[in-house]
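Chemist: Below is the file upload-v1.cif, which contains mmCIF, C-alpha atoms.
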data_my_file
loop_
_atom_site.label_atom_id
_atom_site.label_comp_id
_atom_site.auth_asym_id
_atom_site.auth_seq_id
_atom_site.Cartn_x
_atom_site.Cartn_y
_atom_site.Cartn_z
CA MET N 1 170.30 213.69 118.50
CA SER N 2 171.75 210.44 119.91
CA TYR N 3 174.44 208.55 117.99
CA PRO N 4 172.15 205.58 117.03
CA LYS N 5 169.45 207.97 115.75
CA ARG N 6 172.04 210.00 113.81
CA THR N 7 173.37 206.80 112.20
CA ALA N 8 169.85 205.69 111.21
CA ALA N 9 169.13 209.10 109.66
CA LEU N 10 172.31 208.97 107.59
CA ALA N 11 171.45 205.44 106.41
CA SER N 12 168.01 206.66 105.28
CA VAL N 13 169.56 209.51 103.30
CA ALA N 14 172.02 207.08 101.68
CA ALA N 15 169.16 204.78 100.63
CA LEU N 16 167.29 207.75 99.14
CA ALA N 17 170.37 208.82 97.18
CA GLY N 18 170.72 205.29 95.83
CA SER N 19 167.12 205.38 94.63
CA VAL N 20 167.76 208.64 92.78
CA VAL N 21 170.78 207.10 91.03
CA LEU N 22 168.73 204.09 89.91
CA MET N 23 165.98 206.35 88.57
CA ALA N 24 168.61 208.23 86.54
CA ALA N 25 169.80 205.05 84.76
CA PRO N 26 169.48 205.09 80.94
CA ALA N 27 166.29 203.64 79.43
CA ALA N 28 165.81 201.69 76.21
CA ASN N 29 162.73 200.38 74.50
CA ALA N 30 162.83 197.83 71.66
CA GLU N 31 159.91 196.59 69.60
CA VAL N 32 159.60 194.28 66.59
CA VAL N 33 157.86 196.21 63.80
CA ASN N 34 156.38 194.84 60.57
CA VAL N 35 157.80 196.63 57.54
CA ASN N 36 156.14 196.48 54.11
CA TYR N 37 158.88 196.62 51.48
CA ARG N 38 158.47 197.59 47.82
CA CYS N 39 161.54 196.26 46.03
CA GLU N 40 162.74 197.57 42.67
CA THR N 41 164.54 194.54 41.19
CA PRO N 42 166.19 193.93 37.79
CA ILE N 43 163.17 191.81 36.82
CA GLY N 44 160.44 194.11 38.11
CA VAL N 45 158.73 195.20 41.29
CA LYS N 46 158.32 192.77 44.17
CA THR N 47 156.73 193.25 47.59
CA ALA N 48 157.41 191.60 50.92
CA VAL N 49 156.63 192.05 54.62
CA SER N 50 159.27 191.37 57.25
CA PRO N 51 159.30 191.96 61.02
CA ILE N 52 162.29 194.20 61.82
CA ASP N 53 164.15 194.19 65.12
CA ILE N 54 166.69 196.90 66.02
CA GLU N 55 168.86 196.60 69.11
CA GLY N 56 171.35 199.00 70.68
CA VAL N 57 174.24 198.14 73.00
CA GLU N 58 176.70 200.64 74.49
CA ASP N 59 180.05 200.36 72.72
CA GLY N 60 182.77 202.75 73.88
CA ALA N 61 181.73 206.33 73.16
CA GLY N 62 178.62 205.29 71.23
CA TYR N 63 176.18 202.47 70.64
CA LYS N 64 176.41 199.41 68.42
CA ILE N 65 173.11 199.28 66.52
CA THR N 66 172.07 195.94 65.03
CA MET N 67 169.19 195.53 62.56
CA SER N 68 167.63 192.08 62.05
CA TRP N 69 165.15 190.72 59.49
CA GLN N 70 162.93 187.86 60.69
CA LYS N 71 161.71 187.01 57.19
CA GLY N 72 163.30 187.06 53.76
CA VAL N 73 162.65 189.83 51.24
CA SER N 74 162.76 189.88 47.42
CA SER N 75 164.19 186.93 45.46
CA SER N 76 166.50 186.11 42.57
CA PRO N 77 165.62 184.29 39.31
CA VAL N 78 168.97 182.48 39.54
CA ASP N 79 170.99 180.93 42.36
CA LEU N 80 173.17 183.34 44.29
CA GLY N 81 176.41 181.58 45.17
CA LYS N 82 178.27 182.05 48.43
CA GLY N 83 179.45 185.65 48.77
CA ALA N 84 177.45 186.88 45.75
CA MET N 85 175.01 189.09 47.69
CA ASN N 86 176.00 192.18 49.69
CA PRO N 87 173.27 193.90 51.74
CA SER N 88 173.23 197.32 53.38
CA ALA N 89 170.50 199.54 54.84
CA THR N 90 169.74 202.87 56.41
CA ILE N 91 168.06 203.54 59.76
CA LYS N 92 166.16 206.79 60.24
CA LEU N 93 166.93 208.74 63.42
CA GLY N 94 164.18 210.66 65.17
CA GLY N 95 163.32 212.34 68.44
CA ALA N 96 166.27 214.28 69.85
CA ASP N 97 168.39 213.50 66.77
CA SER N 98 167.84 213.38 63.02
CA GLY N 99 169.45 212.01 59.88
CA THR N 100 170.28 208.42 58.97
CA LEU N 101 172.59 205.70 60.20
CA ASN N 102 174.22 203.35 57.68
CA VAL N 103 174.35 199.68 58.66
CA THR N 104 176.17 196.95 56.77
CA GLY N 105 176.93 193.26 57.15
CA PRO N 106 178.61 190.25 55.62
CA ALA N 107 177.78 188.74 52.26
CA ASN N 108 175.65 185.59 52.13
CA GLN N 109 177.53 182.64 53.62
CA ALA N 110 175.54 180.02 51.78
CA THR N 111 173.97 179.70 48.33
CA VAL N 112 170.58 181.37 47.99
CA PRO N 113 168.37 179.17 45.76
CA ALA N 114 166.55 180.78 42.84
CA ASN N 115 163.02 182.13 43.40
CA THR N 116 163.21 181.92 47.20
CA PRO N 117 162.98 184.80 49.68
CA ILE N 118 166.41 186.28 50.30
CA LYS N 119 167.30 186.13 54.02
CA ILE N 120 169.25 189.22 55.02
CA ASN N 121 172.07 188.77 57.53
CA ASP N 122 172.10 191.05 60.57
CA LEU N 123 173.41 194.51 59.69
CA SER N 124 175.17 196.77 62.17
CA GLY N 125 176.74 200.19 62.58
CA THR N 126 177.91 202.54 65.32
CA TYR N 127 175.77 205.45 66.46
CA THR N 128 177.46 208.40 68.21
CA PRO N 129 175.03 210.73 70.05
CA LYS N 130 175.21 214.41 69.11
CA LYS N 131 172.25 215.48 71.25
CA THR N 132 170.98 214.53 74.69
CA GLY N 133 167.49 213.02 74.90
CA LYS N 134 165.41 210.15 73.56
CA VAL N 135 166.45 209.03 70.07
CA THR N 136 164.33 206.69 67.93
CA PHE N 137 165.56 204.24 65.29
CA THR N 138 163.26 203.28 62.38
CA ALA N 139 163.85 200.92 59.45
CA GLY N 140 164.82 202.76 56.27
CA VAL N 141 165.87 201.68 52.77
CA LEU N 142 167.38 198.22 52.20
CA THR N 143 169.85 197.79 49.32
CA ILE N 144 170.90 194.43 47.92
CA LYS N 145 173.78 194.17 45.45
CA ALA N 146 174.23 190.85 43.67
CA LEU N 147 175.79 189.69 40.39
CA GLY N 148 176.36 193.26 39.21
CA THR N 149 172.75 194.33 39.88
CA THR N 150 171.17 196.48 42.58
CA THR N 151 167.80 195.91 44.27
CA THR N 152 166.35 198.74 46.36
CA CYS N 153 163.61 197.98 48.92
CA THR N 154 161.71 200.93 50.38
CA PRO N 155 159.23 200.79 53.30
CA THR N 156 155.73 201.79 52.17
CA ASN N 157 153.73 201.59 55.40
CA SER N 158 155.47 204.35 57.41
CA PRO N 159 156.65 201.89 60.08
CA GLY N 160 157.10 203.04 63.64
CA PRO N 161 160.43 202.98 65.49
CA SER N 162 161.90 199.59 66.36
CA LEU N 163 164.12 201.08 69.07
CA SER N 164 164.29 204.14 71.30
CA LEU N 165 167.28 205.07 73.48
CA ASP N 166 167.87 207.73 76.12
CA VAL N 167 171.31 209.05 75.21
CA THR N 168 173.71 211.70 76.49
CA ALA N 169 175.96 213.70 74.17
CA ALA N 170 179.43 214.99 75.04
CA GLY N 171 179.28 218.07 77.25
CA GLY N 172 175.63 217.43 78.15
CA SER N 173 174.28 219.20 75.04
CA GLY N 174 170.57 219.96 75.27
CA SER N 175 168.00 217.98 73.33
CA GLY N 176 166.51 219.23 70.10
CA SER N 177 166.97 218.85 66.37
CA GLY N 178 170.49 217.79 65.53
CA SER N 179 172.67 215.61 63.39
CA GLY N 180 173.15 211.86 63.47
CA SER N 181 176.38 210.10 62.77
CA GLY N 182 177.42 206.51 62.54
CA SER N 183 179.49 203.99 60.66
CA GLY N 184 178.70 200.64 59.18
CA SER N 185 180.74 197.52 59.79
CA ASP N 186 182.91 198.52 56.82
CA GLY N 187 184.07 201.57 58.76
CA THR N 188 182.36 204.13 56.50
CA GLN N 189 181.32 207.19 58.48
CA ASN N 190 177.97 208.80 57.75
CA ASN N 191 177.57 212.37 59.00
CA SER N 192 174.40 214.31 58.31
CA GLY N 193 175.73 217.34 60.20
CA ALA N 194 178.95 219.08 61.15
CA GLY N 195 181.31 217.97 63.90
CA ASP N 196 183.08 214.69 64.57
CA GLU N 197 183.61 215.00 68.32
CA LEU N 198 183.07 211.74 70.16
CA PRO N 199 181.38 211.86 73.57
CA GLN N 200 183.57 210.93 76.54
CA THR N 201 180.69 210.09 78.84
CA GLY N 202 177.39 208.34 78.46
CA PRO N 203 174.23 208.00 80.56
CA GLU N 204 175.66 205.26 82.74
CA ASP N 205 178.83 207.27 83.33
CA SER N 206 176.72 210.20 84.53
CA ALA N 207 174.75 207.94 86.86
CA ILE N 208 177.94 206.44 88.29
CA ALA N 209 179.46 209.91 88.76
CA LEU N 210 176.30 211.09 90.55
CA GLY N 211 176.33 208.04 92.83
CA THR N 212 180.03 208.51 93.62
CA LEU N 213 179.52 212.19 94.48
CA GLY N 214 176.50 211.42 96.65
CA GLY N 215 178.37 208.64 98.45
CA THR N 216 181.35 210.92 99.09
CA VAL N 217 179.14 213.67 100.56
CA LEU N 218 177.38 211.17 102.82
CA LEU N 219 180.64 209.64 104.05
CA VAL N 220 182.09 213.07 104.84
CA GLY N 221 178.90 214.02 106.71
CA ALA N 222 178.91 210.78 108.68
CA ALA N 223 182.58 211.19 109.61
CA GLY N 224 181.97 214.78 110.77
CA ALA N 225 178.97 213.77 112.87
CA LEU N 226 180.93 210.92 114.48
CA TRP N 227 183.88 213.22 115.28
CA LEU N 228 181.62 215.86 116.86
CA THR N 229 179.81 213.21 118.93
CA ARG N 230 183.04 211.73 120.27
CA ARG N 231 184.41 215.22 121.00
CA ASN N 232 181.31 216.12 123.03
CA GLN N 233 181.54 212.83 124.95
CA ALA N 234 185.23 213.51 125.75
CA ALA N 235 184.38 217.01 126.97
CA ARG N 236 181.75 215.63 129.34
CA VAL N 237 184.23 213.09 130.73
CA ARG N 238 186.81 215.82 131.47
CA ARG N 239 184.24 217.77 133.46
#
Translate the structure of the given file into structure tokens.
Modeler:
Amino acid sequence: MSYPKRTAALASVAALAGSVVLMAAPAANAEVVNVNYRCETPIGVKTAVSPIDIEGVEDGAGYKITMSWQKGVSSSPVDLGKGAMNPSATIKLGGADSGTLNVTGPANQATVPANTPIKINDLSGTYTPKKTGKVTFTAGVLTIKALGTTTTCTPTNSPGPSLSLDVTAAGGSGSGSGSGSGSGSDGTQNNSGAGDELPQTGPEDSAIALGTLGGTVLLVGAAGALWLTRRNQAARVRR
């Protein structure tokens, strides 16, 4: 094979390897889901519907999971002054993992007027993968503590997942039923299974490692082909 043809062949293989790396990149799917809440309040049962958005962003060894309410839920018969309301919630894990993730957030930063829907601030927590595969995140129970009382809001319409992530656990553990772990913004860890090992690599790390290995192999092959070609040309000249 001539040198130009050999170079073109190597370039084609490199492009193919790049395509494989891109196909191996982690996938995420987010969807806003309407959640019907039944809230047990100090003054009786109240109901509300709020679209829920859950987002996940890689954060060190895990993912920062943020849960957002697009409409207010429940209400208070009296004004709630600044800092009087403290919300928290759970997110149900499904797919390759199981258990719950606790998410928390700041207290209300402004007064909540009486008899108006309570707007929940964004709540967040850290999810650490224990299994490799697609993990789903679904809105769970919302808890509101205010003025020494507790209101518990439970979904009643079996909402679907608001987020799904393709994740990789430490050591490349196979997918299947497993435990979920995470911590809210207050640092509280929630483990529904044994083991606290944190993964050292994630999906993107694996893709980068694969691309680096493929690039190294291609470069070595190209260098060897060039050396052999030049050696053959030198031999012909000596003859």
Chemist: Would you kindly translate the PyMOL selection byres ((chain N and resi 72) around 10) into the concrete residues it picks from this file, as a ChimeraX atom specification?
Modeler: /N:48-51,69-71,73-75,116-121
Chemist: Would you write out, as an mmCIF file with C-alpha atoms, in the coordinates of the input, every residue that the PyMOL selection byres ((chain N and resi 54) around 7) captures in this file?
Modeler:
data_model
loop_
_atom_site.group_PDB
_atom_site.id
_atom_site.type_symbol
_atom_site.label_atom_id
_atom_site.label_comp_id
_atom_site.auth_asym_id
_atom_site.auth_seq_id
_atom_site.Cartn_x
_atom_site.Cartn_y
_atom_site.Cartn_z
ATOM 1 C CA ALA N 30 162.830 197.830 71.660
ATOM 2 C CA ILE N 52 162.290 194.200 61.820
ATOM 3 C CA ASP N 53 164.150 194.190 65.120
ATOM 4 C CA GLU N 55 168.860 196.600 69.110
ATOM 5 C CA GLY N 56 171.350 199.000 70.680
ATOM 6 C CA ILE N 65 173.110 199.280 66.520
ATOM 7 C CA THR N 66 172.070 195.940 65.030
ATOM 8 C CA MET N 67 169.190 195.530 62.560
ATOM 9 C CA SER N 68 167.630 192.080 62.050
ATOM 10 C CA SER N 162 161.900 199.590 66.360
ATOM 11 C CA LEU N 163 164.120 201.080 69.070
#
Chemist: Which residue is closest to Ala146 (chain N)? Choose from N:Lys131, N:Lys82, N:Lys46, N:Lys92 and count all atoms listed in the file.
Modeler: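 Under the stated criterion, the closest residue is N:Lys82.
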Chemist: Evaluated on this file, the PyMOL selection byres ((chain N and resi 37) around 7) picks out some residues - which ones are they, written as an MDAnalysis selection string?
Modeler: chainID N and resid 35:36 38:39 47:49 153:156
Chemist: Which is closer to Ala170 (chain N) than all the others in N:Asn157, N:Thr132, N:Thr41, N:Thr111, using all atoms listed in the file?
Modeler: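 Result for the nearest residue to Ala170 (chain N): N:Thr132.
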Chemist: Can you work out which one of N:Leu123, N:Val141, N:Leu147, N:Val32 has the shortest atom-to-atom distance to Thr104 (chain N), counting only C-alpha atoms?
Modeler: N:Leu123
Chemist: Hey, can you check how far CA of Gly105 (chain N) sits from CA of Thr168 (chain N)?
Modeler: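 These two atoms are separated by 26.9 Å.
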Chemist: Find, counting all atoms listed in the file, the residue in N:Val57, N:Gly99, N:Asn108, N:Ala114 that gets nearest to Asp79 (chain N).
Modeler: N:Ala114
Chemist: Between CA of Lys145 (chain N) and CA of Val33 (chain N), what is the distance, to one decimal in Å?
Modeler: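 If I compute the distance from CA of Lys145 (chain N) to CA of Val33 (chain N), I get 24.4 Å.
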Chemist: At what distance in Å, to one decimal, does CA of Asp122 (chain N) lie from CA of Pro77 (chain N)?
Modeler: 23.2 Å
Chemist: Please list as a list in words every residue within 6 Å of Val103 (chain N), counting all atoms listed in the file and excluding residues in the same chain fewer than 3 positions away.
Modeler: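 The filter keeps Ser88, Ala89, Leu123, Ser124, Gly125 and Gly184 of chain N.
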